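Source file: model.cif (mmCIF, C-alpha atoms)
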```
data_final
loop_
_atom_site.label_atom_id
_atom_site.label_comp_id
_atom_site.auth_asym_id
_atom_site.auth_seq_id
_atom_site.Cartn_x
_atom_site.Cartn_y
_atom_site.Cartn_z
CA MET A 246 41.04 -16.02 28.03
CA ASN A 247 41.70 -13.15 30.43
CA VAL A 248 39.64 -10.02 31.00
CA ASN A 249 41.56 -8.23 28.26
CA GLY A 250 40.59 -10.82 25.65
CA LYS A 251 44.01 -12.46 25.47
CA ILE A 252 43.98 -16.23 24.89
CA LEU A 253 45.91 -17.95 27.71
CA GLY A 254 45.52 -21.50 26.47
CA ALA A 255 43.29 -24.01 24.71
CA VAL A 256 41.69 -27.12 26.18
CA HIS A 257 40.52 -28.44 22.85
CA THR A 258 40.65 -27.15 19.27
CA THR A 259 38.16 -27.98 16.54
CA GLN A 260 38.99 -27.09 12.97
CA PRO A 261 36.32 -25.02 11.21
CA THR A 262 34.27 -26.60 8.46
CA VAL A 263 32.45 -24.88 5.64
CA GLY A 264 28.85 -24.24 6.61
CA ASP A 265 25.77 -23.13 4.74
CA SER A 266 25.82 -19.97 2.67
CA VAL A 267 23.26 -17.18 2.70
CA VAL A 268 22.78 -15.83 -0.81
CA LEU A 269 21.54 -12.25 -0.87
CA ASN A 270 19.47 -10.31 -3.37
CA ILE A 271 22.04 -7.52 -3.03
CA ASP A 272 23.86 -6.76 -6.27
CA THR A 273 27.46 -6.01 -5.31
CA GLY A 274 28.19 -3.56 -8.13
CA LEU A 275 24.99 -1.62 -7.49
CA GLN A 276 25.62 -1.63 -3.74
CA LYS A 277 29.10 -0.17 -4.14
CA ALA A 278 27.80 2.48 -6.53
CA LEU A 279 24.91 3.43 -4.23
CA ASP A 280 27.23 3.76 -1.23
CA GLY A 281 29.38 6.14 -3.24
CA TYR A 282 26.49 8.23 -4.57
CA LEU A 283 24.99 8.71 -1.10
CA ALA A 284 28.25 9.56 0.68
CA ARG A 285 29.38 11.97 -2.04
CA ASP A 286 25.97 13.64 -2.15
CA ILE A 287 25.82 14.28 1.60
CA ILE A 288 29.31 15.76 1.61
CA ASN A 289 28.36 18.01 -1.32
CA VAL A 290 25.17 19.12 0.44
CA ARG A 291 27.13 20.06 3.56
CA ASN A 292 29.37 22.24 1.41
CA SER A 293 26.46 23.93 -0.38
CA VAL A 294 24.39 26.93 0.69
CA ASP A 295 20.62 26.96 1.10
CA PRO A 296 19.53 29.79 -1.25
CA ILE A 297 16.61 30.67 1.04
CA LYS A 298 18.12 30.50 4.53
CA HIS A 299 21.69 31.18 3.35
CA VAL A 300 23.16 28.48 5.60
CA HIS A 301 25.03 25.24 5.02
CA PRO A 302 22.57 22.34 5.43
CA PRO A 303 23.93 20.01 8.13
CA ALA A 304 22.83 16.89 6.21
CA LEU A 305 23.06 14.89 9.42
CA ASN A 306 22.49 11.45 7.94
CA GLY A 307 20.81 9.71 5.06
CA ALA A 308 19.74 6.50 3.40
CA ALA A 309 19.22 5.12 -0.08
CA ILE A 310 17.41 1.98 -1.25
CA VAL A 311 16.94 0.13 -4.52
CA MET A 312 14.16 -2.46 -4.73
CA ASN A 313 12.58 -4.67 -7.35
CA ASP A 314 8.98 -3.53 -7.10
CA ASN A 315 7.64 -6.75 -8.61
CA ASN A 316 8.77 -9.08 -5.84
CA GLY A 317 10.17 -7.07 -2.92
CA GLN A 318 13.83 -7.94 -3.50
CA VAL A 319 16.19 -5.41 -1.93
CA LEU A 320 18.95 -4.94 -4.52
CA ALA A 321 20.96 -2.34 -2.61
CA MET A 322 20.67 -0.49 0.70
CA SER A 323 22.93 2.28 1.96
CA SER A 324 23.12 4.23 5.20
CA TYR A 325 25.29 7.25 6.05
CA PRO A 326 27.36 7.77 8.13
CA SER A 327 28.74 4.28 7.94
CA TYR A 328 31.94 2.35 8.62
CA ASN A 329 34.28 -0.19 7.03
CA LEU A 330 33.75 -3.75 8.23
CA ASP A 331 37.44 -4.47 7.70
CA SER A 332 38.14 -2.14 10.64
CA PHE A 333 36.75 -4.78 12.98
CA VAL A 334 39.12 -7.56 11.88
CA ASN A 335 41.84 -6.64 14.37
CA GLY A 336 39.55 -4.76 16.72
CA LEU A 337 38.64 -1.08 16.95
CA SER A 338 40.50 1.36 19.13
CA GLU A 339 38.41 2.90 21.89
CA SER A 340 38.68 6.35 20.32
CA THR A 341 37.50 5.07 16.91
CA PHE A 342 34.59 3.22 18.50
CA LYS A 343 33.51 6.30 20.45
CA GLN A 344 33.72 8.43 17.31
CA LEU A 345 31.54 6.03 15.32
CA GLU A 346 29.13 5.81 18.23
CA ALA A 347 28.92 9.60 18.50
CA GLU A 348 28.16 9.84 14.77
CA ASP A 349 25.41 7.19 15.09
CA ALA A 350 27.28 5.28 12.40
CA PHE A 351 26.01 1.96 13.78
CA ASN A 352 22.44 2.97 12.99
CA ASN A 353 20.98 1.59 9.75
CA TYR A 354 19.02 4.67 8.70
CA ALA A 355 17.32 2.80 5.85
CA ILE A 356 15.27 0.78 8.34
CA GLN A 357 15.80 2.70 11.60
CA GLY A 358 15.74 6.33 10.52
CA VAL A 359 12.36 8.05 11.03
CA TYR A 360 11.70 11.16 8.94
CA THR A 361 8.79 13.50 8.22
CA PRO A 362 7.81 12.54 4.65
CA GLY A 363 6.62 15.91 3.36
CA SER A 364 5.31 15.92 -0.20
CA THR A 365 6.22 12.27 -0.85
CA PHE A 366 3.12 11.55 1.27
CA LYS A 367 0.94 13.17 -1.41
CA LEU A 368 0.81 9.76 -3.13
CA ILE A 369 -1.27 8.56 -0.19
CA THR A 370 -3.64 11.54 -0.12
CA ALA A 371 -4.09 11.43 -3.90
CA THR A 372 -4.96 7.74 -3.73
CA ALA A 373 -7.53 8.38 -0.99
CA ALA A 374 -9.06 11.27 -2.94
CA LEU A 375 -9.53 9.23 -6.11
CA GLN A 376 -10.70 6.08 -4.34
CA THR A 377 -13.44 8.04 -2.56
CA GLY A 378 -14.21 10.45 -5.39
CA ILE A 379 -14.13 13.42 -3.02
CA PHE A 380 -12.38 15.54 -5.67
CA PRO A 381 -12.12 14.33 -9.29
CA ALA A 382 -8.66 14.09 -10.86
CA ASP A 383 -9.62 16.33 -13.79
CA LYS A 384 -11.20 19.07 -11.67
CA TYR A 385 -9.11 22.23 -11.51
CA ILE A 386 -8.50 24.45 -8.52
CA ASP A 387 -6.84 27.87 -8.47
CA ASP A 388 -3.62 27.61 -6.45
CA THR A 389 -3.13 31.20 -5.29
CA GLY A 390 -0.23 30.31 -3.00
CA THR A 391 -2.28 31.02 0.14
CA PHE A 392 -5.00 28.66 1.35
CA ARG A 393 -7.55 30.07 3.78
CA VAL A 394 -9.60 27.51 5.70
CA PRO A 395 -13.30 28.17 4.97
CA GLY A 396 -15.22 29.34 8.04
CA CYS A 397 -12.08 29.66 10.15
CA TYR A 398 -11.63 32.75 12.30
CA GLN A 399 -8.80 34.53 10.52
CA GLY A 400 -7.08 35.54 13.73
CA SER A 401 -6.81 31.96 14.90
CA HIS A 402 -3.79 29.71 14.45
CA GLY A 403 -4.13 27.24 11.60
CA CYS A 404 -6.47 29.29 9.44
CA VAL A 405 -3.99 30.22 6.71
CA PHE A 406 -1.54 27.92 4.93
CA HIS A 407 1.08 29.04 2.44
CA ASP A 408 2.62 27.13 -0.45
CA ASN A 409 6.33 26.50 -0.30
CA ASP A 410 8.08 29.85 -0.95
CA ASN A 411 4.58 31.32 -1.37
CA GLU A 412 4.58 30.33 -5.04
CA ALA A 413 1.20 30.31 -6.77
CA ALA A 414 0.81 27.45 -9.26
CA GLY A 415 -2.40 28.78 -10.78
CA GLN A 416 -4.98 26.39 -12.23
CA VAL A 417 -4.01 22.79 -11.37
CA ASP A 418 -5.71 19.43 -11.55
CA LEU A 419 -4.44 16.35 -9.70
CA PRO A 420 -1.69 15.34 -12.15
CA MET A 421 -0.34 18.88 -12.34
CA ALA A 422 -0.60 19.28 -8.56
CA LEU A 423 1.73 16.30 -8.17
CA THR A 424 4.05 17.47 -10.94
CA VAL A 425 4.60 20.93 -9.48
CA SER A 426 4.00 19.74 -5.90
CA SER A 427 1.17 22.16 -5.21
CA ASP A 428 0.65 22.30 -1.46
CA TYR A 429 -2.52 24.34 -1.94
CA TYR A 430 -4.20 21.47 -3.81
CA PHE A 431 -3.51 19.06 -0.96
CA TYR A 432 -4.45 21.61 1.69
CA ASN A 433 -7.84 21.59 0.02
CA LEU A 434 -8.06 17.79 0.10
CA GLY A 435 -7.20 17.73 3.79
CA TYR A 436 -9.91 20.29 4.45
CA LEU A 437 -12.52 18.47 2.35
CA PHE A 438 -11.99 15.15 4.11
CA TRP A 439 -12.21 16.67 7.60
CA SER A 440 -15.28 18.74 6.72
CA GLN A 441 -17.08 15.55 5.58
CA THR A 442 -16.22 13.10 8.35
CA GLY A 443 -19.85 12.01 8.48
CA ARG A 444 -19.43 10.55 5.00
CA TYR A 445 -15.79 9.46 4.93
CA GLY A 446 -14.97 8.92 8.61
CA GLN A 447 -12.17 10.55 10.58
CA THR A 448 -9.25 8.68 9.01
CA PRO A 449 -9.78 8.03 5.27
CA ILE A 450 -6.26 9.20 4.35
CA GLN A 451 -4.68 7.32 7.24
CA ASN A 452 -6.54 4.17 6.22
CA VAL A 453 -4.99 4.32 2.75
CA GLY A 454 -1.60 5.01 4.31
CA ALA A 455 -2.01 1.83 6.34
CA GLN A 456 -2.77 -0.11 3.15
CA TYR A 457 0.50 1.20 1.73
CA GLY A 458 2.22 0.04 4.94
CA LEU A 459 3.35 3.36 6.37
CA ASP A 460 2.40 2.56 9.96
CA ASP A 461 3.39 -1.10 10.07
CA PRO A 462 6.77 -2.87 10.03
CA THR A 463 7.64 -4.06 6.54
CA ASN A 464 8.96 -7.32 8.04
CA ILE A 465 12.22 -6.91 6.18
CA ASP A 466 14.62 -9.74 7.07
CA LEU A 467 16.95 -7.50 9.06
CA PRO A 468 16.99 -6.91 12.82
CA ASN A 469 15.76 -3.87 14.74
CA GLU A 470 13.42 -2.38 12.12
CA VAL A 471 11.61 0.72 13.39
CA THR A 472 7.93 1.34 12.64
CA GLY A 473 6.64 4.68 11.35
CA ARG A 474 3.38 6.44 12.18
CA ILE A 475 0.70 8.48 10.41
CA ASP A 476 -0.64 11.46 12.32
CA SER A 477 -4.25 11.08 13.50
CA PRO A 478 -6.47 11.97 16.47
CA ALA A 479 -5.66 8.61 18.09
CA VAL A 480 -1.92 8.88 17.44
CA ARG A 481 -1.91 12.41 18.84
CA LYS A 482 -3.31 11.13 22.16
CA ILE A 483 -0.84 8.26 22.34
CA LEU A 484 2.13 10.55 21.73
CA HIS A 485 0.89 12.93 24.40
CA GLN A 486 0.59 10.10 26.92
CA GLU A 487 4.12 8.94 26.15
CA SER A 488 5.70 12.41 26.20
CA PRO A 489 3.45 15.31 27.27
CA ALA A 490 6.29 17.84 27.02
CA ASN A 491 7.15 16.99 23.41
CA PHE A 492 3.55 16.47 22.31
CA PRO A 493 1.43 18.88 24.38
CA ASN A 494 -1.57 19.01 22.02
CA VAL A 495 -4.18 16.27 22.21
CA SER A 496 -6.98 17.93 20.23
CA TRP A 497 -7.43 17.50 16.49
CA TYR A 498 -8.55 20.39 14.33
CA THR A 499 -9.07 21.08 10.64
CA GLY A 500 -5.55 22.47 10.42
CA ASP A 501 -4.13 19.20 11.73
CA ASN A 502 -5.91 17.27 9.01
CA ILE A 503 -4.59 19.73 6.42
CA GLU A 504 -1.01 19.30 7.63
CA MET A 505 -1.34 15.52 7.63
CA ALA A 506 -2.65 15.54 4.05
CA PHE A 507 0.65 16.88 2.72
CA GLY A 508 2.96 14.83 4.92
CA GLN A 509 3.57 17.17 7.84
CA GLY A 510 2.47 17.17 11.47
CA THR A 511 3.72 14.23 13.53
CA THR A 512 3.70 11.79 10.61
CA ALA A 513 7.09 10.10 10.39
CA VAL A 514 8.12 7.10 8.27
CA THR A 515 11.20 5.02 7.60
CA PRO A 516 12.88 4.94 4.18
CA ILE A 517 12.10 1.25 3.72
CA GLU A 518 8.41 1.89 4.46
CA LEU A 519 8.19 4.68 1.90
CA ALA A 520 10.19 2.75 -0.71
CA ASN A 521 7.83 -0.17 -0.28
CA ALA A 522 4.78 2.11 -0.57
CA TYR A 523 5.98 3.46 -3.91
CA ALA A 524 6.88 -0.07 -5.03
CA THR A 525 3.28 -1.02 -4.26
CA PHE A 526 1.99 1.80 -6.45
CA ALA A 527 4.51 1.03 -9.19
CA ASN A 528 3.48 -2.61 -9.55
CA GLY A 529 -0.23 -1.86 -9.54
CA GLY A 530 -1.17 -2.38 -5.90
CA THR A 531 0.57 -5.44 -4.41
CA ARG A 532 2.61 -4.80 -1.27
CA TYR A 533 5.46 -7.26 -0.88
CA GLU A 534 7.67 -7.98 2.10
CA PRO A 535 11.14 -6.53 1.39
CA GLU A 536 13.72 -9.31 1.26
CA VAL A 537 17.49 -9.05 1.50
CA ALA A 538 18.10 -12.81 1.61
CA ALA A 539 17.37 -14.96 -1.45
CA ALA A 540 18.27 -18.45 -0.30
CA VAL A 541 20.38 -20.68 1.95
CA ILE A 542 22.69 -23.15 0.20
CA ASN A 543 24.76 -25.95 1.72
CA PRO A 544 28.48 -26.51 0.91
CA HIS A 545 27.55 -28.87 -1.92
CA GLY A 546 25.47 -26.26 -3.71
CA LYS A 547 22.10 -27.71 -2.71
CA ILE A 548 19.35 -25.24 -1.85
CA VAL A 549 18.43 -25.62 1.80
CA GLU A 550 15.78 -22.89 1.70
CA ARG A 551 14.57 -20.48 -0.95
CA TYR A 552 12.79 -17.30 0.09
CA ALA A 553 9.88 -16.71 -2.26
CA PRO A 554 8.13 -13.33 -2.51
CA ARG A 555 5.61 -12.76 0.29
CA VAL A 556 2.53 -10.60 -0.18
CA LEU A 557 1.61 -8.37 2.77
CA GLY A 558 -1.43 -6.61 1.36
CA HIS A 559 -3.06 -4.78 -1.51
CA VAL A 560 -4.06 -1.26 -2.48
CA SER A 561 -6.97 -0.79 -4.87
CA LEU A 562 -5.52 1.01 -7.88
CA PRO A 563 -7.89 0.71 -10.85
CA PRO A 564 -6.96 2.79 -13.92
CA SER A 565 -9.24 5.62 -12.77
CA VAL A 566 -7.07 5.94 -9.64
CA ARG A 567 -3.63 4.94 -10.84
CA ASN A 568 -3.42 6.65 -14.22
CA PRO A 569 -3.89 10.29 -13.08
CA ILE A 570 -1.38 9.78 -10.25
CA LEU A 571 1.11 8.13 -12.61
CA ALA A 572 0.75 11.04 -15.02
CA GLY A 573 1.55 13.48 -12.23
CA LEU A 574 4.55 11.52 -10.96
CA THR A 575 5.89 11.15 -14.50
CA GLY A 576 5.58 14.91 -14.95
CA VAL A 577 7.81 15.47 -11.90
CA VAL A 578 10.74 14.25 -14.01
CA GLU A 579 9.61 14.83 -17.61
CA ASP A 580 7.58 18.06 -17.53
CA PRO A 581 9.62 21.31 -17.63
CA SER A 582 7.52 22.52 -14.69
CA GLY A 583 8.23 19.34 -12.71
CA THR A 584 10.11 19.71 -9.44
CA ALA A 585 12.88 17.29 -10.49
CA TYR A 586 13.01 18.12 -14.20
CA SER A 587 16.20 20.20 -13.98
CA THR A 588 17.91 17.69 -11.69
CA PHE A 589 17.51 14.80 -14.09
CA ARG A 590 18.49 16.92 -17.07
CA SER A 591 21.70 18.07 -15.39
CA ILE A 592 22.75 14.75 -13.85
CA ALA A 593 21.22 11.87 -15.74
CA ASN A 594 22.80 11.45 -19.17
CA PHE A 595 20.40 8.82 -20.45
CA SER A 596 17.28 9.38 -22.52
CA LEU A 597 14.05 9.61 -20.57
CA ALA A 598 12.29 8.80 -23.82
CA ALA A 599 14.06 5.43 -23.89
CA TYR A 600 13.81 4.83 -20.14
CA PRO A 601 10.95 6.90 -18.66
CA ILE A 602 10.99 7.52 -14.92
CA ALA A 603 8.34 8.75 -12.50
CA GLY A 604 8.95 10.08 -9.02
CA LYS A 605 8.22 12.54 -6.25
CA THR A 606 10.27 15.13 -4.44
CA GLY A 607 9.76 15.81 -0.77
CA THR A 608 10.92 18.83 1.24
CA ALA A 609 9.72 18.08 4.74
CA THR A 610 9.82 20.85 7.31
CA THR A 611 11.15 19.75 10.69
CA SER A 612 11.12 23.14 12.43
CA ILE A 613 11.41 26.81 11.49
CA LYS A 614 15.04 26.90 12.60
CA LEU A 615 16.19 23.67 10.97
CA GLU A 616 16.73 22.67 7.37
CA PRO A 617 14.01 20.42 5.93
CA ASN A 618 14.42 16.72 5.28
CA SER A 619 15.14 16.05 1.62
CA TRP A 620 13.42 13.16 -0.19
CA PHE A 621 13.19 11.74 -3.65
CA VAL A 622 11.66 8.43 -4.62
CA GLY A 623 11.38 7.27 -8.21
CA PHE A 624 10.49 4.18 -10.20
CA GLY A 625 11.01 3.05 -13.74
CA PRO A 626 10.66 2.33 -16.49
CA THR A 627 7.14 3.69 -16.15
CA THR A 628 5.86 1.45 -18.96
CA HIS A 629 6.79 -1.71 -17.01
CA PRO A 630 8.17 -0.66 -13.63
CA GLN A 631 11.03 -2.78 -12.36
CA TYR A 632 13.05 -0.64 -9.96
CA VAL A 633 12.17 1.71 -7.12
CA VAL A 634 14.98 3.99 -5.96
CA LEU A 635 14.72 6.17 -2.85
CA CYS A 636 17.00 8.65 -1.14
CA VAL A 637 16.49 10.73 2.00
CA VAL A 638 18.89 13.22 3.59
CA ALA A 639 18.08 14.47 7.08
CA GLU A 640 18.12 18.28 7.13
CA GLY A 641 19.46 18.28 3.59
CA GLY A 642 17.29 21.04 2.16
CA TYR A 643 15.15 20.78 -0.94
CA GLY A 644 14.30 17.34 -2.31
CA ALA A 645 15.31 18.23 -5.85
CA ASP A 646 18.70 19.53 -4.70
CA ALA A 647 19.82 16.99 -2.09
CA ALA A 648 18.05 13.65 -2.59
CA ALA A 649 17.12 13.62 -6.29
CA PRO A 650 20.73 13.57 -7.57
CA VAL A 651 21.37 10.24 -5.82
CA VAL A 652 18.30 8.71 -7.46
CA ALA A 653 19.22 10.12 -10.88
CA GLU A 654 22.76 8.71 -10.67
CA THR A 655 21.40 5.35 -9.53
CA PHE A 656 19.06 5.12 -12.50
CA ASN A 657 22.02 5.96 -14.70
CA TYR A 658 23.76 2.92 -13.26
CA LEU A 659 20.70 0.69 -13.69
CA VAL A 660 20.35 1.69 -17.34
CA SER A 661 23.98 0.87 -18.15
CA HIS A 662 24.41 -2.17 -15.87
CA LYS A 663 21.97 -5.02 -16.23
CA ILE A 664 20.99 -6.52 -12.88
CA GLY A 665 20.87 -10.25 -13.51
CA PRO A 666 18.99 -12.92 -11.57
CA VAL A 667 20.31 -14.16 -8.24
CA VAL A 668 23.02 -16.81 -8.66
CA LEU A 669 22.22 -19.75 -6.38
CA THR A 670 25.38 -21.77 -6.99
CA PRO A 671 28.17 -19.55 -5.61
CA LYS A 672 31.78 -20.66 -5.67
CA LEU A 673 32.87 -21.11 -2.06
CA THR A 674 36.50 -20.35 -1.29
CA ALA A 675 36.83 -20.13 2.48
CA PRO A 676 34.91 -21.06 5.62
CA THR A 677 34.33 -17.48 6.78
CA GLY A 678 33.87 -14.02 5.37
CA LYS A 679 31.95 -12.40 2.55
CA LYS A 680 32.40 -13.38 -1.06
CA THR A 681 30.73 -12.37 -4.26
CA THR A 682 29.87 -13.91 -7.59
CA SER A 683 29.35 -11.88 -10.74
CA SER A 684 26.31 -10.13 -9.27
CA THR A 685 25.11 -11.79 -6.09
CA THR A 686 26.40 -11.27 -2.58
CA THR A 687 27.00 -14.47 -0.63
CA THR A 688 27.93 -14.93 3.01
CA THR A 689 29.38 -18.29 4.04
CA LEU A 690 28.91 -19.44 7.60
CA SER A 691 31.35 -21.69 9.47
CA HIS A 692 30.43 -24.30 12.04
#
```

With the file now loaded, output its structure as structure tokens.
Amino acid sequence: MNVNGKILGAVHTTQPTVGDSVVLNIDTGLQKALDGYLARDIINVRNSVDPIKHVHPPALNGAAIVMNDNNGQVLAMSSYPSYNLDSFVNGLSESTFKQLEAEDAFNNYAIQGVYTPGSTFKLITATAALQTGIFPADKYIDDTGTFRVPGCYQGSHGCVFHDNDNEAAGQVDLPMALTVSSDYYFYNLGYLFWSQTGRYGQTPIQNVGAQYGLDDPTNIDLPNEVTGRIDSPAVRKILHQESPANFPNVSWYTGDNIEMAFGQGTTAVTPIELANAYATFANGGTRYEPEVAAAVINPHGKIVERYAPRVLGHVSLPPSVRNPILAGLTGVVEDPSGTAYSTFRSIANFSLAAYPIAGKTGTATTSIKLEPNSWFVGFGPTTHPQYVVLCVVAEGGYGADAAAPVVAETFNYLVSHKIGPVVLTPKLTAPTGKKTTSSTTTTTLSH
């Protein structure tokens, strides 16, 4: 072979033989549908106008994931921008390759994208609040739209925090605070925890976030997974050491704890981490390792290796902790005041009474000049959760407008298309390439 890749001759030729097959948990129909929902949604977002800033959101990239929350199986995973694998069969032109490279199309944003979580992080803070008892779930607080830090000099930075769009939610308890996504309520929790470090320590919220797996790799069976981080005094110092120009502040104040409590600051997570965190809550507290591969089978149909669910950890979610949070997340979709109520009514054409869903919107500020990251993560049916569906769109705007439609359409698909068990006896037809059975994706390897 010469330097241009042209074959000049062959010394010896060995005919390929059929090798083992890797059977995936990916459902091919669901995967195709999810790819379409995500791509169409991002294009639509780019053509829309932010009603507040009156600009077109750039919607730079995005990801969507569907998991079985009871065992960690990854049923579908999409990343945008993407590319067609068939384009590589005869080789890519240099111009096409450079275009894909410029678009970061080779990046798998589901496991490599790192995004500020915004209000989706409120699951973590709510769990910490109820585990410690620092603020009871049924205790009301008056959300006036403007939170003033007690004892803070009013001329100082970080003394006043405003709700999104300065909206005042009025009297809210924990479930309602999640349903309407009251920032004020979680500002208060961030303040309470930092004002009582002698009792709860410096990192009670971060500790719960670690239990949910938001600062550890999920160990998904795919290469090059990126690990997220939860803002803290220690993390702040590490970031400053690594990049003083980008992270000039090393001190930690009450305002920093308040920002962290509602998913802002330097907290940044990957979609697979957040999907797995919500899967952990959905199933009652068991954190599984996400798995794309189901088994390896030889050419004769014999199972060489079967990948059983692997438990990574647990989160304590007794009824006193889980039930109020579940009520709030259910209200996000079902309550007329919920942040995603209108989205699901306008897009999802199935009955929430027959298939109840819970979820959380996230509108995560990245900077004053940029559009926020848009999140929605949901799970259902809430009576016996089976699926977790997540979508994130970088600089896509509001979570209910950009990300929630993808999740709603995906649940529509799940309701009308039964996802069967993984088929471990695929019909092999050729020594190379990807093939599918009725529901399971199989890749056959050649020797």

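Taking atom CA of A:Asn306 and atom CA of A:Val294 as the two end points, the separation is 17.2 Å.
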
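Residues surrounding A:Arg285 within 12 Å are Ala278, Leu279, Asp280, Gly281, Tyr282, Leu283, Ile287, Ile288, Asn289, Val290, Arg291, Asn292, Ala304, Gly307, Tyr325, Pro326, Val638, Ala647, Ala648, Pro650, Val651 and Glu654 of chain A [all atoms listed in the file; sequence separation below 2 positions excluded].
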
Min atom-atom distance to A:Leu437 from the set A:Cys636, A:Ala373, A:Val622, A:Val256, counting only C-alpha atoms, belongs to A:Ala373

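Separating atom CA of A:Arg590 from atom CA of A:Phe624 is a distance of 16.5 Å.
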
Q | Output of the PyMOL selection byres ((chain A and resi 605-619) around 7), listed as a ChimeraX atom specification | A | /A:302,361-365,509,574,577,584-585,604,620-623,637-645,647-648

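The gap separating atom CA of A:Gly500 from atom CA of A:Cys397 is 9.7 Å, in Å to one decimal.
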
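If only C-alpha atoms are the atoms counted, then among A:Asn270, A:Asn469, A:Thr372, A:Gln447 the closest residue to A:Phe431 is A:Thr372.
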
As a check of understanding, name the residues that the PyMOL selection byres ((chain A and resi 551) around 6) selects in the supplied structure, as a PDB file with C-alpha atoms, in the frame of the given file.
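Final output, saved to expr.pdb:
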```
ATOM      1  CA  ALA A 540      18.270 -18.450  -0.300  1.00  0.00           C
ATOM      2  CA  GLU A 550      15.780 -22.890   1.700  1.00  0.00           C
ATOM      3  CA  TYR A 552      12.790 -17.300   0.090  1.00  0.00           C
TER       4      TYR A 552
END
```

Considering all atoms listed in the file, give me a table of residues in stretch 283-317 of chain A that are at most 10 Å from stretch 522-531 of chain A, with the closest atom pair and distance in Å for each, as a Markdown table.
```
| residue | atom | partner | partner_atom | distance |
| --- | --- | --- | --- | --- |
| A:Met312 | CA | A:Ala524 | CA | 7.7 |
| A:Asn313 | CA | A:Ala524 | CA | 7.7 |
| A:Asp314 | CA | A:Ala524 | CA | 4.5 |
| A:Asn315 | CA | A:Asn528 | CA | 5.9 |
| A:Asn316 | CA | A:Thr531 | CA | 9.1 |
| A:Gly317 | CA | A:Ala524 | CA | 8.0 |
```

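With distances restricted to only C-alpha atoms, A:Arg555 is the closest residue to A:Glu534 from A:Arg555, A:Arg481, A:Lys547, A:His257.
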
Closest of A:Ser440, A:Ser338, A:Thr499, A:Thr424 to A:Thr575, counting all atoms listed in the file, is A:Thr424

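Distances to A:Gly573 were evaluated for A:Asp387, A:Asp418, A:Asp408, A:Asp272 using all atoms listed in the file, and the minimum falls at A:Asp418.
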
For the PyMOL selection byres ((chain A and resi 344-353) around 10), applied here, can you spell out every residue it catches as a PyMOL selection string? chain A and resi 305-308+322-328+338-343+354-358+467-470

Using 5 Å of padding on each side, determine the axis-aligned box around all atoms of stretch 295-298 of chain A present in the file and give its centre and edge lengths in Å to one decimal, as JSON.
```
{"center_x": 18.6, "center_y": 28.8, "center_z": 1.6, "size_x": 14.0, "size_y": 13.7, "size_z": 15.8}
```

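Residues in contact range of stretch 377-385 of chain A, defined as at most 8 Å between all atoms listed in the file, with sequence neighbours fewer than 5 positions away removed, read Gln416, Val417, Asp418, Leu419, Pro420, Leu434, Leu437, Phe438, Tyr445 and Pro569 of chain A.
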